>>> print(open('protein_34.pdb').read())   # PDB, C-alpha atoms
ATOM      1  CA  MET A1287       0.000   0.000   0.000
ATOM      2  CA  THR A1288       1.379   3.386  -0.995
ATOM      3  CA  TYR A1289       2.042   6.156   1.506
ATOM      4  CA  THR A1290      -0.694   8.326  -0.097
ATOM      5  CA  ARG A1291      -3.276   5.556   0.215
ATOM      6  CA  ARG A1292      -2.365   4.865   3.868
ATOM      7  CA  LEU A1293      -2.599   8.577   4.664
ATOM      8  CA  ARG A1294      -5.976   8.810   2.965
ATOM      9  CA  LEU A1295      -7.352   5.851   4.939
ATOM     10  CA  LEU A1296      -5.993   7.263   8.194
ATOM     11  CA  MET A1297      -7.593  10.659   7.534
ATOM     12  CA  ASP A1298     -10.868   8.948   6.679
ATOM     13  CA  THR A1299     -10.836   6.964   9.935
ATOM     14  CA  VAL A1300     -10.018  10.008  12.067
ATOM     15  CA  THR A1301     -12.599  12.184  10.330
ATOM     16  CA  ARG A1302     -15.336   9.567  10.753
ATOM     17  CA  LYS A1303     -14.606   9.299  14.482
ATOM     18  CA  ILE A1304     -14.686  13.072  14.898
ATOM     19  CA  PHE A1305     -18.034  13.410  13.143
ATOM     20  CA  THR A1306     -19.467  10.434  14.994
ATOM     21  CA  ILE A1307     -18.783  12.360  18.204
ATOM     22  CA  VAL A1308     -20.142  15.599  16.705
ATOM     23  CA  SER A1309     -23.341  13.840  15.596
ATOM     24  CA  ILE A1310     -24.049  12.806  19.182
ATOM     25  CA  VAL A1311     -24.125  16.455  20.213
ATOM     26  CA  TYR A1312     -25.564  17.868  16.979
ATOM     27  CA  SER A1313     -27.396  15.105  15.110
ATOM     28  CA  TYR A1314     -28.809  15.353  11.606
ATOM     29  CA  PRO A1315     -32.442  15.048  12.849
ATOM     30  CA  PHE A1316     -31.765  17.943  15.248
ATOM     31  CA  HIS A1317     -30.261  19.949  12.387
ATOM     32  CA  ARG A1318     -33.399  19.294  10.323
ATOM     33  CA  LYS A1319     -35.613  20.578  13.135
ATOM     34  CA  LEU A1320     -33.569  23.772  13.399
ATOM     35  CA  SER A1321     -33.657  24.181   9.615
ATOM     36  CA  LEU A1322     -37.445  23.794   9.549
ATOM     37  CA  MET A1323     -37.773  26.371  12.306
ATOM     38  CA  ALA A1324     -35.625  28.771  10.274
ATOM     39  CA  ASP A1325     -37.815  28.106   7.215
ATOM     40  CA  PHE A1326     -40.919  28.854   9.306
ATOM     41  CA  LEU A1327     -39.508  32.270  10.251
ATOM     42  CA  TYR A1328     -38.290  32.854   6.672
ATOM     43  CA  SER A1329     -41.833  32.139   5.421
ATOM     44  CA  HIS A1330     -43.284  34.970   7.508
ATOM     45  CA  TRP A1331     -40.654  37.312   6.087
ATOM     46  CA  ILE A1332     -41.507  36.268   2.514
ATOM     47  CA  ALA A1333     -45.265  36.492   3.199
ATOM     48  CA  ALA A1334     -44.899  40.209   3.882
ATOM     49  CA  SER A1335     -43.680  40.759   0.321
ATOM     50  CA  LEU A1336     -46.734  39.065  -1.289
ATOM     51  CA  LYS A1337     -50.151  40.438  -2.193
ATOM     52  CA  SER A1338     -51.595  37.964   0.280
ATOM     53  CA  ALA A1339     -50.448  34.818   2.086
ATOM     54  CA  GLY A1340     -52.666  32.370   3.944
ATOM     55  CA  LYS A1341     -52.118  30.789   7.309
ATOM     56  CA  GLY A1342     -49.521  28.064   7.761
ATOM     57  CA  ILE A1343     -47.613  28.549   4.499
ATOM     58  CA  ILE A1344     -44.028  27.284   4.345
ATOM     59  CA  VAL A1345     -41.497  28.743   1.922
ATOM     60  CA  HIS A1346     -38.235  26.822   2.124
ATOM     61  CA  ARG A1347     -34.984  28.752   1.777
ATOM     62  CA  PRO A1348     -33.824  30.114  -0.577
ATOM     63  CA  ILE A1349     -36.408  31.469  -3.005
ATOM     64  CA  ILE A1350     -36.433  34.124  -5.741
ATOM     65  CA  ILE A1351     -39.563  36.286  -5.960
ATOM     66  CA  ARG A1352     -40.254  39.084  -8.426
ATOM     67  CA  GLY A1353     -43.507  41.033  -8.493
ATOM     68  CA  GLY A1354     -44.572  39.734  -5.091
ATOM     69  CA  LYS A1355     -47.508  42.145  -4.903
ATOM     70  CA  SER A1356     -49.074  40.258  -7.832
ATOM     71  CA  ILE A1357     -48.813  36.869  -6.073
ATOM     72  CA  ARG A1358     -51.318  35.219  -3.731
ATOM     73  CA  ILE A1359     -50.615  31.989  -1.832
ATOM     74  CA  GLY A1360     -53.384  30.159   0.028
ATOM     75  CA  ASN A1361     -53.494  28.449   3.411
ATOM     76  CA  MET A1362     -51.087  25.614   4.279
ATOM     77  CA  SER A1363     -49.274  25.682   0.925
ATOM     78  CA  VAL A1364     -45.588  24.770   0.632
ATOM     79  CA  VAL A1365     -42.925  26.014  -1.805
ATOM     80  CA  GLY A1366     -39.765  23.883  -2.046
ATOM     81  CA  ARG A1367     -36.174  25.072  -1.870
ATOM     82  CA  ASN A1368     -34.701  27.105  -4.739
ATOM     83  CA  GLY A1369     -38.107  28.017  -6.115
ATOM     84  CA  VAL A1370     -38.537  30.928  -8.528
ATOM     85  CA  LEU A1371     -41.866  32.808  -8.552
ATOM     86  CA  THR A1372     -41.936  35.665 -11.051
ATOM     87  CA  ALA A1373     -44.809  37.980 -11.902
ATOM     88  CA  TRP A1374     -43.344  40.318 -14.499
ATOM     89  CA  THR A1375     -44.892  43.787 -14.209
ATOM     90  CA  ASN A1376     -42.393  45.319 -16.611
ATOM     91  CA  TYR A1377     -40.005  43.843 -19.164
ATOM     92  CA  GLU A1378     -37.753  45.992 -21.345
ATOM     93  CA  GLY A1379     -40.164  48.907 -20.944
ATOM     94  CA  GLN A1380     -43.230  46.781 -21.724
ATOM     95  CA  GLU A1381     -45.920  47.286 -19.061
ATOM     96  CA  LEU A1382     -47.469  43.995 -17.927
ATOM     97  CA  TYR A1383     -50.299  43.122 -15.543
ATOM     98  CA  PRO A1384     -49.671  39.626 -14.186
ATOM     99  CA  SER A1385     -51.504  37.720 -11.486
ATOM    100  CA  ILE A1386     -50.493  34.448  -9.796
ATOM    101  CA  GLU A1387     -53.138  32.851  -7.576
ATOM    102  CA  ILE A1388     -52.196  29.712  -5.639
ATOM    103  CA  GLY A1389     -54.860  27.873  -3.657
ATOM    104  CA  ASP A1390     -54.834  26.029  -0.342
ATOM    105  CA  SER A1391     -52.750  22.959   0.569
ATOM    106  CA  CYS A1392     -50.549  23.028  -2.540
ATOM    107  CA  ASP A1393     -47.097  21.455  -2.376
ATOM    108  CA  PHE A1394     -44.492  22.561  -4.917
ATOM    109  CA  GLY A1395     -41.266  20.564  -5.201
ATOM    110  CA  GLU A1396     -37.769  21.989  -5.156
ATOM    111  CA  TYR A1397     -36.745  24.239  -8.069
ATOM    112  CA  ILE A1398     -40.343  25.032  -9.011
ATOM    113  CA  HIS A1399     -40.393  27.826 -11.601
ATOM    114  CA  ILE A1400     -43.596  29.826 -12.068
ATOM    115  CA  SER A1401     -43.362  32.696 -14.579
ATOM    116  CA  CYS A1402     -46.344  34.942 -15.278
ATOM    117  CA  THR A1403     -47.099  37.946 -17.495
ATOM    118  CA  ASN A1404     -50.793  37.147 -17.883
ATOM    119  CA  HIS A1405     -52.712  35.086 -15.329
ATOM    120  CA  ILE A1406     -51.891  31.804 -13.604
ATOM    121  CA  ILE A1407     -54.512  30.186 -11.370
ATOM    122  CA  ILE A1408     -53.555  27.100  -9.365
ATOM    123  CA  GLY A1409     -56.330  25.397  -7.409
ATOM    124  CA  ASN A1410     -56.321  23.559  -4.104
ATOM    125  CA  GLY A1411     -54.308  20.436  -3.321
ATOM    126  CA  VAL A1412     -51.969  20.674  -6.318
ATOM    127  CA  LEU A1413     -48.741  18.651  -6.018
ATOM    128  CA  THR A1414     -45.614  18.982  -8.161
ATOM    129  CA  GLY A1415     -42.304  17.182  -8.331
ATOM    130  CA  ARG A1416     -38.940  18.893  -8.698
ATOM    131  CA  TRP A1417     -37.839  21.148 -11.562
ATOM    132  CA  VAL A1418     -41.400  21.817 -12.758
ATOM    133  CA  THR A1419     -41.960  24.894 -14.967
ATOM    134  CA  ILE A1420     -45.300  26.691 -15.256
ATOM    135  CA  SER A1421     -45.001  29.629 -17.655
ATOM    136  CA  ASP A1422     -47.687  31.581 -19.494
ATOM    137  CA  ASN A1423     -45.190  33.596 -21.538
ATOM    138  CA  SER A1424     -42.273  33.486 -23.942
ATOM    139  CA  HIS A1425     -39.731  35.868 -25.453
ATOM    140  CA  GLY A1426     -41.757  36.917 -28.503
ATOM    141  CA  ASP A1427     -43.541  34.666 -30.977
ATOM    142  CA  SER A1428     -42.287  32.709 -33.996
ATOM    143  CA  LYS A1429     -43.156  35.282 -36.665
ATOM    144  CA  PRO A1430     -40.251  36.115 -39.034
ATOM    145  CA  ASP A1431     -40.009  39.743 -37.891
ATOM    146  CA  SER A1432     -39.668  38.624 -34.288
ATOM    147  CA  LEU A1433     -36.937  36.124 -35.111
ATOM    148  CA  ASN A1434     -34.663  38.907 -36.345
ATOM    149  CA  ILE A1435     -34.589  40.455 -32.858
ATOM    150  CA  PRO A1436     -32.352  39.053 -30.081
ATOM    151  CA  PRO A1437     -34.618  36.896 -27.851
ATOM    152  CA  SER A1438     -33.921  38.939 -24.731
ATOM    153  CA  GLN A1439     -35.151  42.102 -26.514
ATOM    154  CA  ARG A1440     -38.369  40.706 -28.002
ATOM    155  CA  PRO A1441     -41.696  41.855 -26.541
ATOM    156  CA  VAL A1442     -43.042  39.313 -24.079
ATOM    157  CA  TYR A1443     -45.793  37.168 -25.622
ATOM    158  CA  SER A1444     -48.490  35.085 -23.934
ATOM    159  CA  LYS A1445     -50.895  32.640 -25.590
ATOM    160  CA  GLY A1446     -53.246  33.034 -22.635
ATOM    161  CA  PRO A1447     -53.745  32.237 -18.949
ATOM    162  CA  ILE A1448     -52.905  28.939 -17.276
ATOM    163  CA  ILE A1449     -55.541  27.308 -15.089
ATOM    164  CA  ILE A1450     -54.611  24.264 -13.013
ATOM    165  CA  GLU A1451     -57.636  22.931 -11.184
ATOM    166  CA  ASP A1452     -57.838  21.128  -7.831
ATOM    167  CA  ASN A1453     -55.870  17.988  -6.955
ATOM    168  CA  VAL A1454     -53.650  17.950 -10.049
ATOM    169  CA  TRP A1455     -50.349  16.073  -9.782
ATOM    170  CA  ILE A1456     -47.464  17.251 -11.983
ATOM    171  CA  GLY A1457     -44.379  15.012 -12.199
ATOM    172  CA  ASP A1458     -40.687  15.960 -12.141
ATOM    173  CA  LYS A1459     -39.366  18.259 -14.890
ATOM    174  CA  ALA A1460     -42.761  18.715 -16.555
ATOM    175  CA  THR A1461     -43.559  22.019 -18.277
ATOM    176  CA  VAL A1462     -46.971  23.687 -18.547
ATOM    177  CA  LEU A1463     -47.257  26.398 -21.205
ATOM    178  CA  GLY A1464     -49.643  29.318 -21.755
ATOM    179  CA  GLY A1465     -53.265  29.053 -22.805
ATOM    180  CA  VAL A1466     -53.753  25.711 -21.049
ATOM    181  CA  THR A1467     -56.370  24.430 -18.584
ATOM    182  CA  ILE A1468     -55.622  21.252 -16.640
ATOM    183  CA  GLY A1469     -58.785  19.677 -15.246
ATOM    184  CA  LYS A1470     -59.392  18.410 -11.715
ATOM    185  CA  GLY A1471     -57.516  15.325 -10.600
ATOM    186  CA  ALA A1472     -55.362  15.078 -13.742
ATOM    187  CA  ILE A1473     -51.857  13.589 -13.646
ATOM    188  CA  ILE A1474     -49.034  15.035 -15.748
ATOM    189  CA  ALA A1475     -46.237  12.504 -16.270
ATOM    190  CA  ALA A1476     -42.611  13.434 -15.580
ATOM    191  CA  ASN A1477     -40.760  15.277 -18.389
ATOM    192  CA  SER A1478     -43.995  16.106 -20.223
ATOM    193  CA  VAL A1479     -44.702  19.394 -22.025
ATOM    194  CA  VAL A1480     -48.346  20.442 -21.771
ATOM    195  CA  THR A1481     -49.384  22.602 -24.741
ATOM    196  CA  HIS A1482     -53.140  21.850 -24.868
ATOM    197  CA  ASP A1483     -55.999  21.505 -22.401
ATOM    198  CA  VAL A1484     -56.062  18.368 -20.251
ATOM    199  CA  PRO A1485     -59.504  16.937 -19.326
ATOM    200  CA  PRO A1486     -60.277  16.143 -15.673
ATOM    201  CA  HIS A1487     -59.148  12.787 -14.250
ATOM    202  CA  CYS A1488     -56.807  12.028 -17.159
ATOM    203  CA  VAL A1489     -53.194  10.876 -17.216
ATOM    204  CA  VAL A1490     -51.128  12.614 -19.901
ATOM    205  CA  GLY A1491     -47.496  12.306 -20.915
ATOM    206  CA  GLY A1492     -44.994  13.034 -23.662
ATOM    207  CA  ILE A1493     -43.843  16.003 -25.752
ATOM    208  CA  PRO A1494     -46.352  17.364 -26.474
ATOM    209  CA  ALA A1495     -48.412  15.701 -23.747
ATOM    210  CA  LYS A1496     -51.141  13.341 -24.932
ATOM    211  CA  ILE A1497     -53.772  11.336 -23.078
ATOM    212  CA  ILE A1498     -52.421   8.019 -21.769
ATOM    213  CA  SER A1499     -55.495   7.013 -19.793
ATOM    214  CA  ASN A1500     -58.863   8.585 -19.186
ATOM    215  CA  HIS A1501     -60.927   8.231 -16.022
ATOM    216  CA  ILE A1502     -63.546  10.897 -16.632
ATOM    217  CA  LYS A1503     -66.553  10.281 -14.405
TER     218      LYS A1503
END
>>> encode(input="protein_34.pdb", output="structure tokens")
Amino acid sequence: MTYTRRLRLLMDTVTRKIFTIVSIVYSYPFHRKLSLMADFLYSHWIAASLKSAGKGIIVHRPIIIRGGKSIRIGNMSVVGRNGVLTAWTNYEGQELYPSIEIGDSCDFGEYIHISCTNHIIIGNGVLTGRWVTISDNSHGDSKPDSLNIPPSQRPVYSKGPIIIEDNVWIGDKATVLGGVTIGKGAIIAANSVVTHDVPPHCVVGGIPAKIISNHIK
């Protein structure tokens, strides 16, 4: 065994023993409790920057919020770590009038990205996985004149509002685009891109998302 390997193993053994002792005094479960308490306090701080925030909301640290006075979050809803909630009231001199309305008991996974220049309504009991994008806007449209302008300088374009009704489940890395209504109890499969309306109680998946199974009552 080489000297470097022996040294590495020795350092590993010593380090493990040190952190075993540390974990007795400051365990991971205890750390989690402290972290959740910090998130609880952080949530009250964030709530003050919103148009309205219901009772018992939890916003995990950190989060990016723009246009907070155009955002409502209902009772007992949770926003995961590294979320981005943006209601664009102005972009490159273009005046916009966005509104994000989130219902009660929603649970958004880490890295949720909600971007609004029009209107996004999310009902009660909506659940998302991680890295989900819900955006009612884009940098311009696909008309030839628009394509000659750098994307960051194009006027913001929206096909229409997004409405996500109660008890919808959206899987990891799915994207919901503008002008779409997702009916009650629908399931959006992971990695899907929703470009058209989804009927209630359906399972959809793919790019673009299509109906996989239908349980309309």
>>> residues_near_point(input="protein_34.pdb", point="(-35.7, 32.9, -3.8)", cutoff="10 Å", atoms="all atoms listed in the file", output="list in words")
Ile1332, Val1345, His1346, Arg1347, Pro1348, Ile1349, Ile1350, Ile1351, Arg1352, Arg1367, Asn1368, Gly1369, Val1370, Leu1371, Thr1372 and Tyr1397 of chain A
>>> write_last_selection(input="protein_34.pdb", atoms="C-alpha atoms", output="compact mmCIF listing (two decimals), in the frame of the given file")
# COMPACT_ATOMS: atom_id res chain seq x y z
CA ILE A 1332 -41.51 36.27 2.51
CA VAL A 1345 -41.50 28.74 1.92
CA HIS A 1346 -38.24 26.82 2.12
CA ARG A 1347 -34.98 28.75 1.78
CA PRO A 1348 -33.82 30.11 -0.58
CA ILE A 1349 -36.41 31.47 -3.00
CA ILE A 1350 -36.43 34.12 -5.74
CA ILE A 1351 -39.56 36.29 -5.96
CA ARG A 1352 -40.25 39.08 -8.43
CA ARG A 1367 -36.17 25.07 -1.87
CA ASN A 1368 -34.70 27.10 -4.74
CA GLY A 1369 -38.11 28.02 -6.12
CA VAL A 1370 -38.54 30.93 -8.53
CA LEU A 1371 -41.87 32.81 -8.55
CA THR A 1372 -41.94 35.66 -11.05
CA TYR A 1397 -36.74 24.24 -8.07
>>> closest_residue(input="protein_34.pdb", among="A:Lys1429, A:His1405, A:His1330, A:His1487", to="Pro1447 (chain A)", atoms="all atoms listed in the file")
A:His1405
>>> atom_distance(input="protein_34.pdb", atom1="CA of Val1418 (chain A)", atom2="CA of Gly1353 (chain A)")
19.8 Å
>>> resolve_selection(input="protein_34.pdb", expression="the PyMOL selection byres ((chain A and resi 1334-1342) around 9)", output="VMD selection string")
chain A and resid 1326 1329 to 1333 1343 to 1344 1351 1353 to 1364 1390
>>> atom_distance(input="protein_34.pdb", atom1="CA of Val1479 (chain A)", atom2="CA of Ala1495 (chain A)")
5.5 Å
>>> atom_distance(input="protein_34.pdb", atom1="CA of Thr1419 (chain A)", atom2="CA of Leu1463 (chain A)")
8.3 Å
>>> residues_around(input="protein_34.pdb", residues="Ile1456 (chain A)", least_positions_apart="5", cutoff="7 Å", atoms="all atoms listed in the file", output="tab-separated table (two decimals) with C-alpha atoms, keeping the file's coordinate frame")
chain	number	residue	atom	x	y	z
A	1413	LEU	CA	-48.74	18.65	-6.02
A	1414	THR	CA	-45.61	18.98	-8.16
A	1415	GLY	CA	-42.30	17.18	-8.33
A	1473	ILE	CA	-51.86	13.59	-13.65
A	1474	ILE	CA	-49.03	15.04	-15.75
A	1475	ALA	CA	-46.24	12.50	-16.27
>>> resolve_selection(input="protein_34.pdb", expression="the PyMOL selection byres ((chain A and resi 1434-1442) around 12)", output="PDB file with C-alpha atoms, in the frame of the given file")
ATOM      1  CA  TRP A1374     -43.344  40.318 -14.499  1.00  0.00           C
ATOM      2  CA  THR A1375     -44.892  43.787 -14.209  1.00  0.00           C
ATOM      3  CA  ASN A1376     -42.393  45.319 -16.611  1.00  0.00           C
ATOM      4  CA  TYR A1377     -40.005  43.843 -19.164  1.00  0.00           C
ATOM      5  CA  GLU A1378     -37.753  45.992 -21.345  1.00  0.00           C
ATOM      6  CA  GLY A1379     -40.164  48.907 -20.944  1.00  0.00           C
ATOM      7  CA  GLN A1380     -43.230  46.781 -21.724  1.00  0.00           C
ATOM      8  CA  GLU A1381     -45.920  47.286 -19.061  1.00  0.00           C
ATOM      9  CA  LEU A1382     -47.469  43.995 -17.927  1.00  0.00           C
ATOM     10  CA  TYR A1383     -50.299  43.122 -15.543  1.00  0.00           C
ATOM     11  CA  PRO A1384     -49.671  39.626 -14.186  1.00  0.00           C
ATOM     12  CA  SER A1401     -43.362  32.696 -14.579  1.00  0.00           C
ATOM     13  CA  CYS A1402     -46.344  34.942 -15.278  1.00  0.00           C
ATOM     14  CA  THR A1403     -47.099  37.946 -17.495  1.00  0.00           C
ATOM     15  CA  ASN A1404     -50.793  37.147 -17.883  1.00  0.00           C
ATOM     16  CA  SER A1421     -45.001  29.629 -17.655  1.00  0.00           C
ATOM     17  CA  ASP A1422     -47.687  31.581 -19.494  1.00  0.00           C
ATOM     18  CA  ASN A1423     -45.190  33.596 -21.538  1.00  0.00           C
ATOM     19  CA  SER A1424     -42.273  33.486 -23.942  1.00  0.00           C
ATOM     20  CA  HIS A1425     -39.731  35.868 -25.453  1.00  0.00           C
ATOM     21  CA  GLY A1426     -41.757  36.917 -28.503  1.00  0.00           C
ATOM     22  CA  ASP A1427     -43.541  34.666 -30.977  1.00  0.00           C
ATOM     23  CA  SER A1428     -42.287  32.709 -33.996  1.00  0.00           C
ATOM     24  CA  LYS A1429     -43.156  35.282 -36.665  1.00  0.00           C
ATOM     25  CA  PRO A1430     -40.251  36.115 -39.034  1.00  0.00           C
ATOM     26  CA  ASP A1431     -40.009  39.743 -37.891  1.00  0.00           C
ATOM     27  CA  SER A1432     -39.668  38.624 -34.288  1.00  0.00           C
ATOM     28  CA  LEU A1433     -36.937  36.124 -35.111  1.00  0.00           C
ATOM     29  CA  TYR A1443     -45.793  37.168 -25.622  1.00  0.00           C
ATOM     30  CA  SER A1444     -48.490  35.085 -23.934  1.00  0.00           C
ATOM     31  CA  LYS A1445     -50.895  32.640 -25.590  1.00  0.00           C
TER      32      LYS A1445
END
>>> resolve_selection(input="protein_34.pdb", expression="the PyMOL selection byres ((chain A and resi 1476) around 7)", output="list in words")
Gly1457, Asp1458, Lys1459, Ala1460, Ile1474, Ala1475, Asn1477 and Ser1478 of chain A
>>> residues_around(input="protein_34.pdb", residues="Pro1486 (chain A)", least_positions_apart="5", cutoff="6 Å", atoms="only C-alpha atoms", output="list in words")
Gly1469, Lys1470, Gly1471 and Ala1472 of chain A
>>> closest_residue(input="protein_34.pdb", among="A:Asn1500, A:Asn1410, A:Thr1288, A:Thr1306", to="Phe1394 (chain A)", atoms="all atoms listed in the file")
A:Asn1410
>>> closest_residue(input="protein_34.pdb", among="A:Ala1373, A:Ile1310, A:Val1490, A:Met1323", to="Val1462 (chain A)", atoms="all atoms listed in the file")
A:Val1490
>>> closest_residue(input="protein_34.pdb", among="A:Gly1389, A:Gly1491, A:Pro1315, A:Gly1409", to="Thr1461 (chain A)", atoms="all atoms listed in the file")
A:Gly1491
>>> closest_residue(input="protein_34.pdb", among="A:Val1412, A:Ile1304, A:Tyr1328, A:Ile1449", to="Ile1386 (chain A)", atoms="only C-alpha atoms")
A:Ile1449
>>> decode(input="protein_34.pdb", residues="region 1392-1407 of chain A", atoms="N, CA and C atoms", output="short mmCIF file (atom, residue, chain, number, x, y, z; two decimals), in the first residue's frame")
data_model
loop_
_atom_site.label_atom_id
_atom_site.label_comp_id
_atom_site.auth_asym_id
_atom_site.auth_seq_id
_atom_site.Cartn_x
_atom_site.Cartn_y
_atom_site.Cartn_z
N CYS A 1392 -51.40 23.41 -1.40
CA CYS A 1392 -50.55 23.03 -2.54
C CYS A 1392 -49.15 22.71 -2.03
N ASP A 1393 -48.45 21.85 -2.76
CA ASP A 1393 -47.10 21.45 -2.38
C ASP A 1393 -46.22 21.42 -3.63
N PHE A 1394 -45.35 22.43 -3.75
CA PHE A 1394 -44.49 22.56 -4.92
C PHE A 1394 -43.10 22.04 -4.59
N GLY A 1395 -42.58 21.14 -5.43
CA GLY A 1395 -41.27 20.56 -5.20
C GLY A 1395 -40.14 21.56 -5.38
N GLU A 1396 -38.94 21.13 -5.03
CA GLU A 1396 -37.77 21.99 -5.16
C GLU A 1396 -37.56 22.44 -6.61
N TYR A 1397 -37.05 23.64 -6.76
CA TYR A 1397 -36.75 24.24 -8.07
C TYR A 1397 -38.00 24.50 -8.91
N ILE A 1398 -39.15 24.63 -8.27
CA ILE A 1398 -40.34 25.03 -9.01
C ILE A 1398 -40.10 26.39 -9.66
N HIS A 1399 -40.55 26.55 -10.90
CA HIS A 1399 -40.39 27.83 -11.60
C HIS A 1399 -41.76 28.23 -12.15
N ILE A 1400 -42.33 29.30 -11.59
CA ILE A 1400 -43.60 29.83 -12.07
C ILE A 1400 -43.34 31.22 -12.62
N SER A 1401 -43.62 31.42 -13.91
CA SER A 1401 -43.36 32.70 -14.58
C SER A 1401 -44.65 33.20 -15.21
N CYS A 1402 -45.04 34.43 -14.86
CA CYS A 1402 -46.34 34.94 -15.28
C CYS A 1402 -46.24 36.36 -15.82
N THR A 1403 -46.87 36.60 -16.99
CA THR A 1403 -47.10 37.95 -17.49
C THR A 1403 -48.59 38.17 -17.74
N ASN A 1404 -49.37 37.11 -17.59
CA ASN A 1404 -50.79 37.15 -17.88
C ASN A 1404 -51.57 36.77 -16.61
N HIS A 1405 -51.95 35.52 -16.49
CA HIS A 1405 -52.71 35.09 -15.33
C HIS A 1405 -52.49 33.59 -15.13
N ILE A 1406 -52.05 33.22 -13.95
CA ILE A 1406 -51.89 31.80 -13.60
C ILE A 1406 -52.72 31.53 -12.36
N ILE A 1407 -53.66 30.58 -12.49
CA ILE A 1407 -54.51 30.19 -11.37
C ILE A 1407 -54.22 28.73 -11.05
#
